[in-house]
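Enquirer: This is the content of protein-v3.tsv (TSV, C-alpha atoms and all ligand atoms):
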```tsv
chain	number	residue	atom	x	y	z
A	4	MET	CA	-42.62	-75.11	23.12
A	5	ASP	CA	-39.13	-76.38	22.34
A	6	ASP	CA	-39.27	-74.60	19.02
A	7	ILE	CA	-40.01	-71.16	20.47
A	8	GLU	CA	-37.35	-71.50	23.16
A	9	SER	CA	-34.85	-72.65	20.59
A	10	LEU	CA	-35.76	-69.62	18.44
A	11	GLU	CA	-35.33	-67.28	21.40
A	12	ARG	CA	-31.86	-68.73	22.12
A	13	ASP	CA	-30.87	-68.46	18.46
A	14	LEU	CA	-32.02	-64.83	18.26
A	15	ALA	CA	-30.13	-63.93	21.48
A	16	ALA	CA	-27.00	-65.62	20.15
A	17	LEU	CA	-27.38	-63.80	16.82
A	18	ALA	CA	-27.70	-60.47	18.62
A	19	ALA	CA	-24.54	-61.17	20.62
A	20	GLU	CA	-22.70	-62.23	17.46
A	21	ALA	CA	-23.82	-59.05	15.63
A	22	GLN	CA	-22.71	-56.93	18.58
A	23	ASP	CA	-19.28	-58.58	18.60
A	24	ALA	CA	-18.96	-58.04	14.86
A	25	LEU	CA	-19.93	-54.38	15.22
A	26	ALA	CA	-17.40	-53.93	18.03
A	27	SER	CA	-14.62	-54.86	15.62
A	28	ALA	CA	-15.97	-52.76	12.71
A	29	ALA	CA	-13.14	-50.88	11.01
A	30	ASP	CA	-15.13	-47.84	9.97
A	31	ARG	CA	-18.51	-46.41	9.09
A	32	GLU	CA	-18.94	-48.42	5.84
A	33	ASP	CA	-17.88	-51.63	7.56
A	34	ALA	CA	-20.43	-51.03	10.36
A	35	ILE	CA	-23.26	-50.45	7.87
A	36	GLN	CA	-22.40	-53.69	6.03
A	37	ILE	CA	-22.39	-55.65	9.30
A	38	LYS	CA	-25.72	-54.20	10.31
A	39	ASN	CA	-27.25	-55.09	6.94
A	40	ARG	CA	-25.87	-58.59	7.17
A	41	TYR	CA	-28.01	-59.13	10.30
A	42	LEU	CA	-30.95	-56.76	9.90
A	43	GLY	CA	-31.32	-56.46	6.14
A	44	ARG	CA	-34.27	-57.81	4.18
A	45	ASN	CA	-32.25	-60.96	3.46
A	46	GLY	CA	-30.29	-60.73	6.68
A	47	GLN	CA	-29.71	-63.42	9.29
A	48	VAL	CA	-32.50	-62.25	11.62
A	49	ALA	CA	-35.01	-62.42	8.76
A	50	ALA	CA	-33.71	-65.90	7.88
A	51	LEU	CA	-34.29	-67.13	11.42
A	52	MET	CA	-37.80	-65.73	11.46
A	53	ARG	CA	-38.77	-67.87	8.48
A	54	VAL	CA	-39.55	-70.58	11.02
A	55	LEU	CA	-42.42	-68.32	12.18
A	56	ARG	CA	-44.80	-69.90	9.71
A	57	ASP	CA	-44.14	-73.33	11.24
A	58	LEU	CA	-44.94	-72.10	14.76
A	59	PRO	CA	-48.36	-72.55	16.29
A	60	ASN	CA	-50.45	-69.36	16.40
A	61	GLU	CA	-50.21	-68.96	20.17
A	62	ALA	CA	-46.40	-68.99	20.01
A	63	ARG	CA	-46.16	-66.23	17.38
A	64	PRO	CA	-46.42	-63.16	19.67
A	65	ARG	CA	-43.55	-64.48	21.78
A	66	ALA	CA	-41.47	-65.11	18.66
A	67	GLY	CA	-42.25	-61.55	17.48
A	68	GLN	CA	-41.13	-60.10	20.83
A	69	ALA	CA	-37.88	-62.10	20.70
A	70	SER	CA	-37.25	-60.94	17.15
A	71	ASN	CA	-37.88	-57.28	18.07
A	72	ALA	CA	-35.61	-57.56	21.11
A	73	CYS	CA	-32.84	-58.96	18.91
A	74	LYS	CA	-33.29	-56.18	16.33
A	75	ARG	CA	-33.35	-53.45	19.03
A	76	ALA	CA	-30.16	-54.77	20.60
A	77	ILE	CA	-28.33	-54.76	17.27
A	78	GLU	CA	-29.75	-51.32	16.37
A	79	ALA	CA	-28.70	-49.87	19.72
A	80	THR	CA	-25.14	-51.17	19.36
A	81	PHE	CA	-25.03	-49.86	15.78
A	82	SER	CA	-26.28	-46.37	16.82
A	83	SER	CA	-23.80	-45.96	19.61
A	84	LEU	CA	-21.03	-47.19	17.30
A	85	MET	CA	-22.01	-44.58	14.67
A	86	GLU	CA	-22.05	-41.85	17.30
A	87	ARG	CA	-18.57	-42.84	18.42
A	88	ILE	CA	-17.28	-42.88	14.84
A	89	ALA	CA	-18.76	-39.40	14.23
A	90	ALA	CA	-17.22	-38.08	17.46
A	91	ASP	CA	-13.83	-39.55	16.49
A	92	GLU	CA	-14.02	-37.97	13.04
A	93	LEU	CA	-14.88	-34.58	14.53
A	94	ALA	CA	-12.04	-34.82	17.03
A	95	ARG	CA	-9.61	-35.73	14.24
A	96	ARG	CA	-10.81	-32.79	12.13
A	97	ILE	CA	-10.51	-30.33	15.00
A	98	GLU	CA	-6.99	-31.57	15.66
A	99	ALA	CA	-6.04	-31.35	11.98
A	100	GLU	CA	-7.48	-27.85	11.54
A	101	ARG	CA	-6.25	-26.50	14.83
A	102	LEU	CA	-5.10	-22.86	14.58
A	103	ASP	CA	-1.92	-21.83	16.27
A	104	ILE	CA	-2.76	-18.25	17.19
A	105	SER	CA	0.75	-17.73	18.51
A	106	LEU	CA	2.20	-17.94	14.96
A	107	PRO	CA	3.33	-14.56	13.62
A	108	ALA	CA	0.99	-13.12	10.96
A	109	ARG	CA	2.07	-13.17	7.32
A	110	ARG	CA	2.79	-9.70	5.97
A	111	PRO	CA	0.58	-8.72	3.03
A	112	HIS	CA	2.42	-7.87	-0.19
A	113	THR	CA	2.67	-4.12	0.05
A	114	LEU	CA	5.40	-1.83	-1.14
A	115	GLU	CA	7.04	1.03	0.69
A	116	PRO	CA	6.35	4.45	-0.83
A	117	ASN	CA	8.18	5.10	-4.08
A	118	PRO	CA	11.58	6.69	-3.21
A	119	LEU	CA	10.45	9.91	-4.93
A	120	ARG	CA	7.36	10.09	-2.77
A	121	ALA	CA	9.45	9.36	0.35
A	122	VAL	CA	11.92	12.15	-0.49
A	123	GLU	CA	9.06	14.56	-1.21
A	124	GLN	CA	7.63	13.76	2.22
A	125	ASP	CA	11.05	14.31	3.81
A	126	LEU	CA	11.25	17.76	2.18
A	127	ILE	CA	7.75	18.60	3.43
A	128	ASP	CA	8.69	17.46	6.95
A	129	ILE	CA	11.89	19.53	6.96
A	130	PHE	CA	10.08	22.73	5.99
A	131	ALA	CA	7.03	21.98	8.14
A	132	ALA	CA	9.40	21.89	11.13
A	133	ALA	CA	10.46	25.44	10.16
A	134	GLY	CA	6.84	26.63	10.15
A	135	PHE	CA	5.99	26.25	6.43
A	136	GLU	CA	2.49	25.08	5.54
A	137	VAL	CA	1.73	22.96	2.47
A	138	ALA	CA	-0.18	24.74	-0.30
A	139	SER	CA	-1.44	23.08	-3.47
A	140	GLY	CA	-3.00	24.17	-6.74
A	141	PRO	CA	-4.24	22.82	-10.08
A	142	GLU	CA	-1.88	21.11	-12.53
A	143	VAL	CA	-3.85	22.56	-15.45
A	144	GLU	CA	-3.21	26.30	-15.16
A	145	ARG	CA	-4.00	29.61	-16.79
A	146	ASP	CA	-1.21	31.58	-18.47
A	147	PHE	CA	-1.76	34.36	-15.92
A	148	TYR	CA	-0.80	32.22	-12.92
A	149	ASN	CA	1.94	30.22	-14.62
A	150	PHE	CA	3.70	33.10	-16.47
A	151	GLU	CA	2.18	36.58	-16.50
A	152	ALA	CA	1.85	37.19	-12.76
A	153	LEU	CA	5.34	35.72	-12.31
A	154	ASN	CA	6.86	38.47	-14.42
A	155	PHE	CA	7.64	36.31	-17.46
A	156	PRO	CA	7.88	38.68	-20.45
A	157	PRO	CA	5.73	37.65	-23.45
A	158	ASP	CA	8.81	36.62	-25.43
A	159	HIS	CA	10.38	34.55	-22.65
A	160	PRO	CA	11.58	31.22	-24.07
A	161	ALA	CA	9.69	29.29	-21.36
A	162	ARG	CA	6.43	30.58	-22.87
A	163	ASP	CA	7.27	28.94	-26.17
A	164	MET	CA	4.84	26.21	-27.12
A	165	GLN	CA	7.88	24.08	-27.86
A	166	ASP	CA	8.53	23.87	-24.12
A	167	THR	CA	5.06	24.05	-22.63
A	168	PHE	CA	2.10	21.70	-23.03
A	169	VAL	CA	-0.67	24.07	-24.16
A	170	LEU	CA	-4.24	22.82	-24.17
A	171	GLU	CA	-5.54	23.51	-27.64
A	172	GLY	CA	-7.97	26.37	-28.14
A	173	GLU	CA	-7.92	27.36	-24.49
A	174	ASP	CA	-6.05	29.74	-22.25
A	175	LEU	CA	-4.91	26.62	-20.44
A	176	LEU	CA	-1.59	24.85	-20.11
A	177	MET	CA	0.04	22.17	-17.98
A	178	ARG	CA	1.88	24.09	-15.29
A	179	THR	CA	5.63	24.20	-15.94
A	180	HIS	CA	6.51	24.81	-12.28
A	181	THR	CA	4.67	24.95	-8.95
A	182	SER	CA	5.16	28.75	-8.82
A	183	PRO	CA	1.51	29.46	-9.79
A	184	VAL	CA	0.63	28.07	-6.36
A	185	GLN	CA	2.65	30.95	-4.87
A	186	ILE	CA	0.62	33.44	-6.91
A	187	ARG	CA	-2.66	31.82	-5.84
A	188	THR	CA	-1.53	31.83	-2.20
A	189	MET	CA	-0.50	35.49	-2.25
A	190	LEU	CA	-3.84	36.41	-3.88
A	191	ALA	CA	-5.78	34.48	-1.25
A	192	TYR	CA	-3.92	35.39	1.94
A	193	GLU	CA	-2.43	38.47	3.60
A	194	PRO	CA	1.21	38.32	4.74
A	195	PRO	CA	2.83	36.89	6.75
A	196	ILE	CA	2.91	33.94	4.32
A	197	ARG	CA	5.07	30.88	4.78
A	198	VAL	CA	4.20	27.99	2.41
A	199	ILE	CA	5.75	25.19	0.43
A	200	SER	CA	4.08	23.76	-2.65
A	201	PRO	CA	5.03	20.23	-3.65
A	202	GLY	CA	3.60	18.79	-6.85
A	203	ARG	CA	3.88	17.51	-10.42
A	204	VAL	CA	4.99	19.84	-13.22
A	205	TYR	CA	5.15	19.31	-16.99
A	206	ARG	CA	7.57	20.27	-19.74
A	207	VAL	CA	7.86	19.20	-23.34
A	208	ASP	CA	11.12	17.39	-23.86
A	209	GLU	CA	12.13	15.71	-27.10
A	210	ASP	CA	15.04	14.03	-25.35
A	211	PRO	CA	13.94	10.46	-24.61
A	212	THR	CA	16.12	10.39	-21.47
A	213	HIS	CA	14.01	13.16	-19.87
A	214	SER	CA	10.58	12.69	-18.40
A	215	PRO	CA	7.88	15.19	-19.46
A	216	VAL	CA	6.53	15.08	-15.92
A	217	PHE	CA	8.57	15.65	-12.81
A	218	HIS	CA	8.18	16.88	-9.27
A	219	GLN	CA	9.03	20.15	-7.58
A	220	VAL	CA	8.93	21.57	-4.12
A	221	GLU	CA	8.85	25.35	-3.97
A	222	GLY	CA	8.83	27.61	-0.95
A	223	LEU	CA	7.62	31.16	-0.37
A	224	LEU	CA	7.99	33.44	2.62
A	225	ILE	CA	6.53	36.98	2.69
A	226	ASP	CA	6.67	39.27	5.72
A	227	GLU	CA	7.91	42.65	6.83
A	228	GLY	CA	11.68	43.12	6.76
A	229	VAL	CA	12.61	39.80	5.12
A	230	THR	CA	16.16	39.93	3.70
A	231	PHE	CA	18.52	37.77	1.67
A	232	ALA	CA	20.14	36.78	4.99
A	233	ASP	CA	16.83	35.14	6.00
A	234	LEU	CA	16.82	33.25	2.72
A	235	LYS	CA	20.39	32.03	3.24
A	236	GLY	CA	19.65	31.01	6.84
A	237	THR	CA	16.54	29.08	5.83
A	238	LEU	CA	18.31	27.23	3.04
A	239	ARG	CA	21.34	26.44	5.21
A	240	TYR	CA	18.90	24.94	7.72
A	241	PHE	CA	17.43	22.90	4.87
A	242	ILE	CA	20.83	21.69	3.61
A	243	ASP	CA	21.84	20.65	7.14
A	244	ALA	CA	18.58	18.71	7.55
A	245	CYS	CA	18.64	17.14	4.08
A	246	PHE	CA	22.34	16.49	3.39
A	247	GLY	CA	23.96	16.75	6.82
A	248	LEU	CA	25.95	19.35	8.74
A	249	GLN	CA	29.12	18.49	6.83
A	250	ALA	CA	27.62	19.44	3.44
A	251	ARG	CA	29.37	22.39	1.83
A	252	ALA	CA	27.13	24.89	0.04
A	253	ARG	CA	27.50	28.01	-2.06
A	254	PHE	CA	25.19	30.60	-3.60
A	255	ARG	CA	25.83	31.58	-7.23
A	256	PRO	CA	24.21	34.68	-8.77
A	257	SER	CA	21.58	33.71	-11.34
A	258	TYR	CA	18.48	35.02	-13.06
A	259	PHE	CA	14.80	34.15	-12.71
A	260	PRO	CA	11.94	36.37	-13.94
A	261	PHE	CA	10.15	36.41	-10.58
A	262	THR	CA	13.05	36.98	-8.17
A	263	GLU	CA	15.60	39.79	-7.86
A	264	PRO	CA	18.33	39.18	-6.87
A	265	SER	CA	18.36	35.51	-7.79
A	266	ALA	CA	20.78	32.74	-6.97
A	267	GLU	CA	21.41	29.09	-7.59
A	268	VAL	CA	22.50	26.91	-4.69
A	269	ASP	CA	25.18	24.25	-5.08
A	270	ILE	CA	26.39	21.64	-2.64
A	271	GLY	CA	29.80	20.03	-2.71
A	272	CYS	CA	29.69	17.02	-5.04
A	273	ILE	CA	28.71	13.98	-2.98
A	274	PHE	CA	30.07	11.57	-5.59
A	275	CYS	CA	33.68	12.84	-5.64
A	276	ASP	CA	33.79	14.92	-2.44
A	277	GLY	CA	34.67	17.99	-4.48
A	278	ASP	CA	37.60	16.49	-6.38
A	279	GLY	CA	35.72	16.58	-9.68
A	280	CYS	CA	33.97	13.75	-11.50
A	281	SER	CA	31.69	13.17	-14.47
A	282	VAL	CA	28.50	13.71	-12.43
A	283	CYS	CA	29.57	17.24	-11.35
A	284	SER	CA	31.21	17.96	-14.74
A	285	HIS	CA	34.52	18.16	-12.88
A	286	THR	CA	33.50	21.31	-11.00
A	287	GLY	CA	33.23	19.65	-7.59
A	288	TRP	CA	29.76	21.22	-7.16
A	289	LEU	CA	26.20	20.03	-7.78
A	290	GLU	CA	23.32	22.43	-8.30
A	291	ILE	CA	20.34	21.65	-6.05
A	292	MET	CA	17.96	24.60	-6.29
A	293	GLY	CA	17.14	28.09	-7.44
A	294	CYS	CA	16.10	30.93	-5.13
A	295	GLY	CA	15.88	34.67	-4.73
A	296	MET	CA	14.05	37.64	-3.28
A	297	VAL	CA	10.54	37.95	-4.68
A	298	ASP	CA	10.54	40.68	-7.35
A	299	PRO	CA	8.54	43.76	-6.23
A	300	ASN	CA	6.68	43.56	-9.59
A	301	VAL	CA	5.36	40.14	-8.62
A	302	LEU	CA	4.17	41.47	-5.25
A	303	GLU	CA	2.37	44.30	-7.06
A	304	HIS	CA	0.70	41.80	-9.44
A	305	VAL	CA	-0.94	40.11	-6.46
A	306	GLY	CA	-1.79	43.30	-4.55
A	307	ILE	CA	0.89	43.12	-1.84
A	308	ASP	CA	2.58	46.44	-1.01
A	309	PRO	CA	6.29	46.00	-1.93
A	310	ASP	CA	7.22	49.04	0.19
A	311	ARG	CA	5.96	47.29	3.29
A	312	PHE	CA	6.55	43.61	2.56
A	313	SER	CA	9.39	41.61	1.12
A	314	GLY	CA	10.03	37.91	0.81
A	315	PHE	CA	11.97	35.10	-0.75
A	316	ALA	CA	11.17	32.06	-2.86
A	317	PHE	CA	13.06	28.89	-3.64
A	318	GLY	CA	12.41	25.79	-5.69
A	319	MET	CA	13.97	22.40	-6.27
A	320	GLY	CA	13.37	19.24	-8.26
A	321	VAL	CA	12.41	16.27	-6.13
A	322	GLU	CA	14.02	13.86	-8.63
A	323	ARG	CA	17.33	15.67	-8.32
A	324	ILE	CA	17.25	15.69	-4.51
A	325	ALA	CA	16.29	11.99	-4.49
A	326	MET	CA	19.10	11.20	-6.89
A	327	LEU	CA	21.65	12.98	-4.67
A	328	ARG	CA	20.37	11.61	-1.38
A	329	HIS	CA	20.31	8.03	-2.65
A	330	ARG	CA	23.33	8.40	-4.97
A	331	VAL	CA	21.33	7.06	-7.90
A	332	PRO	CA	23.08	7.97	-11.15
A	333	ASP	CA	20.05	7.58	-13.47
A	334	ILE	CA	16.88	9.28	-12.33
A	335	ARG	CA	14.71	7.28	-14.77
A	336	LEU	CA	15.02	4.28	-12.46
A	337	MET	CA	12.84	6.14	-9.96
A	338	PHE	CA	9.95	6.23	-12.42
A	339	GLY	CA	10.30	2.58	-13.41
A	340	ASN	CA	8.42	-0.24	-11.82
A	341	ASP	CA	11.37	-2.53	-11.22
A	342	LEU	CA	10.61	-3.84	-7.75
A	343	ARG	CA	14.20	-5.01	-7.29
A	344	PHE	CA	15.29	-1.37	-7.61
A	345	LEU	CA	12.44	0.15	-5.60
A	346	ARG	CA	12.76	-2.34	-2.70
A	347	GLN	CA	16.27	-1.07	-1.99
A	348	PHE	CA	14.72	2.05	-0.50
A	349	SER	CA	12.27	0.36	1.83
B	1	ZN	ZN	31.82	15.19	-8.53
```
Could you render the structure from this file as structure tokens?
Ligand SMILES: [Zn+2]
Expert:
Amino acid sequence: MDDIESLERDLAALAAEAQDALASAADREDAIQIKNRYLGRNGQVAALMRVLRDLPNEARPRAGQASNACKRAIEATFSSLMERIAADELARRIEAERLDISLPARRPHTLEPNPLRAVEQDLIDIFAAAGFEVASGPEVERDFYNFEALNFPPDHPARDMQDTFVLEGEDLLMRTHTSPVQIRTMLAYEPPIRVISPGRVYRVDEDPTHSPVFHQVEGLLIDEGVTFADLKGTLRYFIDACFGLQARARFRPSYFPFTEPSAEVDIGCIFCDGDGCSVCSHTGWLEIMGCGMVDPNVLEHVGIDPDRFSGFAFGMGVERIAMLRHRVPDIRLMFGNDLRFLRQFS
């Protein structure tokens, strides 16, 4: 009987010792090692139970119960320790990965519109405020819309294949101006007509400093009783909106096949304030657009009665307007992809 009581005391002491050891375990691995030291196949509990074979048969169930109680006590302490370690780890992870939702968001890497596109939109906005609608048309055009209906004689230099991209074997070309959109609009709609047509146009240019593609905005207004005074008033409104009330402007007589009379519009040189510089060729003026009253022949081409209706048209290069508004001396920069240049406009 002394043997079994001694065994029970030893097992209880071993359980208490194991529980103390587990209490001071540094981490998960440490805890597993401690547990194995007591409960493993060659652990201390197993070593104690080797006395079992020396015990009398009737004492063995009691020894087994004592052994199981010891094992359960150690197991229970180990389980709760592992739960605590897991909870601590989770708490540490939550703390480490905590999101501060009050931090300002990072801006994605996007770029403001290209300065050309921004100026084009400004021009659209200015004319939209004066009641002009945007009209568009194909960039690959037929000769009829690009030249013939616009009163270009067959021998006009602009029709030369040296200047125009002609699509081989077809009656097709890359439009050289956005004027064919005016023809298409007049064919499709009855006056009153009030449209602007922004878009890409194409011209052959051997000069490496010129781009074969550039951008125009053209305007067209057709109604009863439209005069040159309406044209001047509309363009003065545009110059005020685009270059400011202080901008000086003048109309110079000119020639275009589809307008009569025709004029070119200059503004006072913004680089030298009219004193004369290399940009304005020392004239003090910078040309910004062409304009004129729509030629009655053009109206007849599209089936509009020139005795009843009259109108004006104007057109400008977006690159040129952008260059003047931003005082950029070399327009090629606008086409480049140098972000340091382009970001200046954002
Ligand atoms: Zn100048």
Enquirer: Please indicate the distance in Å from atom CA of Phe261 of chain A to atom CA of Gln185 of chain A, rounded to one decimal place.
Expert: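 Taking atom CA of Phe261 of chain A as the start and atom CA of Gln185 of chain A as the end point, the length is 10.9 Å.
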Enquirer: May I ask which of the residues A:Phe317, A:Phe246, A:Trp288, A:Phe344 is the closest one to ligand ZN 1 (chain B), counting all atoms listed in the file?
Expert: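 With all atoms listed in the file as the atom set, the closest residue is A:Trp288.
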Enquirer: Output the neighbourhood of ligand ZN 1 (chain B) as a list of chain:residue names, that is, all protein and nucleic acid residues with some atom at most 9 Å from the ligand, counting only C-alpha atoms and all ligand atoms.
Expert: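 Here is the list of contacting residues: A:Gly271, A:Cys272, A:Ile273, A:Phe274, A:Cys275, A:Asp276, A:Gly277, A:Asp278, A:Gly279, A:Cys280, A:Ser281, A:Val282, A:Cys283, A:Ser284, A:His285, A:Thr286, A:Gly287, A:Trp288, A:Leu289.
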Enquirer: Generate the output file for the selected residues, C-alpha atoms, as a short mmCIF file (atom, residue, chain, number, x, y, z; two decimals), in the coordinates of the input.
Expert:
```
data_model
loop_
_atom_site.label_atom_id
_atom_site.label_comp_id
_atom_site.auth_asym_id
_atom_site.auth_seq_id
_atom_site.Cartn_x
_atom_site.Cartn_y
_atom_site.Cartn_z
CA GLY A 271 29.80 20.03 -2.71
CA CYS A 272 29.69 17.02 -5.04
CA ILE A 273 28.71 13.98 -2.98
CA PHE A 274 30.07 11.57 -5.59
CA CYS A 275 33.68 12.84 -5.64
CA ASP A 276 33.79 14.92 -2.44
CA GLY A 277 34.67 17.99 -4.48
CA ASP A 278 37.60 16.49 -6.38
CA GLY A 279 35.72 16.58 -9.68
CA CYS A 280 33.97 13.75 -11.50
CA SER A 281 31.69 13.17 -14.47
CA VAL A 282 28.50 13.71 -12.43
CA CYS A 283 29.57 17.24 -11.35
CA SER A 284 31.21 17.96 -14.74
CA HIS A 285 34.52 18.16 -12.88
CA THR A 286 33.50 21.31 -11.00
CA GLY A 287 33.23 19.65 -7.59
CA TRP A 288 29.76 21.22 -7.16
CA LEU A 289 26.20 20.03 -7.78
#
```
Enquirer: Tell me, in Å to one decimal, how far atom CA of Arg31 of chain A is from atom CA of Ser70 of chain A.
Expert: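 Computing it gives 25.0 Å between the two atoms.
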Enquirer: Name the closest residue to Glu151 of chain A among the candidates A:Ile242, A:Leu55, A:Ile186, A:Ala69; distances are taken between atoms, counting only C-alpha atoms.
Expert: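 Closest to Glu151 of chain A, using only C-alpha atoms: A:Ile186.
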Enquirer: Looking at A:Val216, A:Ala316, A:Met296, A:Asp125, which one is nearest to Ile199 of chain A, with distances taken over all atoms listed in the file?
Expert: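 Among the listed residues, the smallest separation from Ile199 of chain A belongs to A:Ala316.
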Enquirer: To one decimal in Å, tell me the separation between atom CA of Leu25 of chain A and atom CA of Ser9 of chain A.
Expert: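 Between these atoms lies a distance of 24.2 Å.
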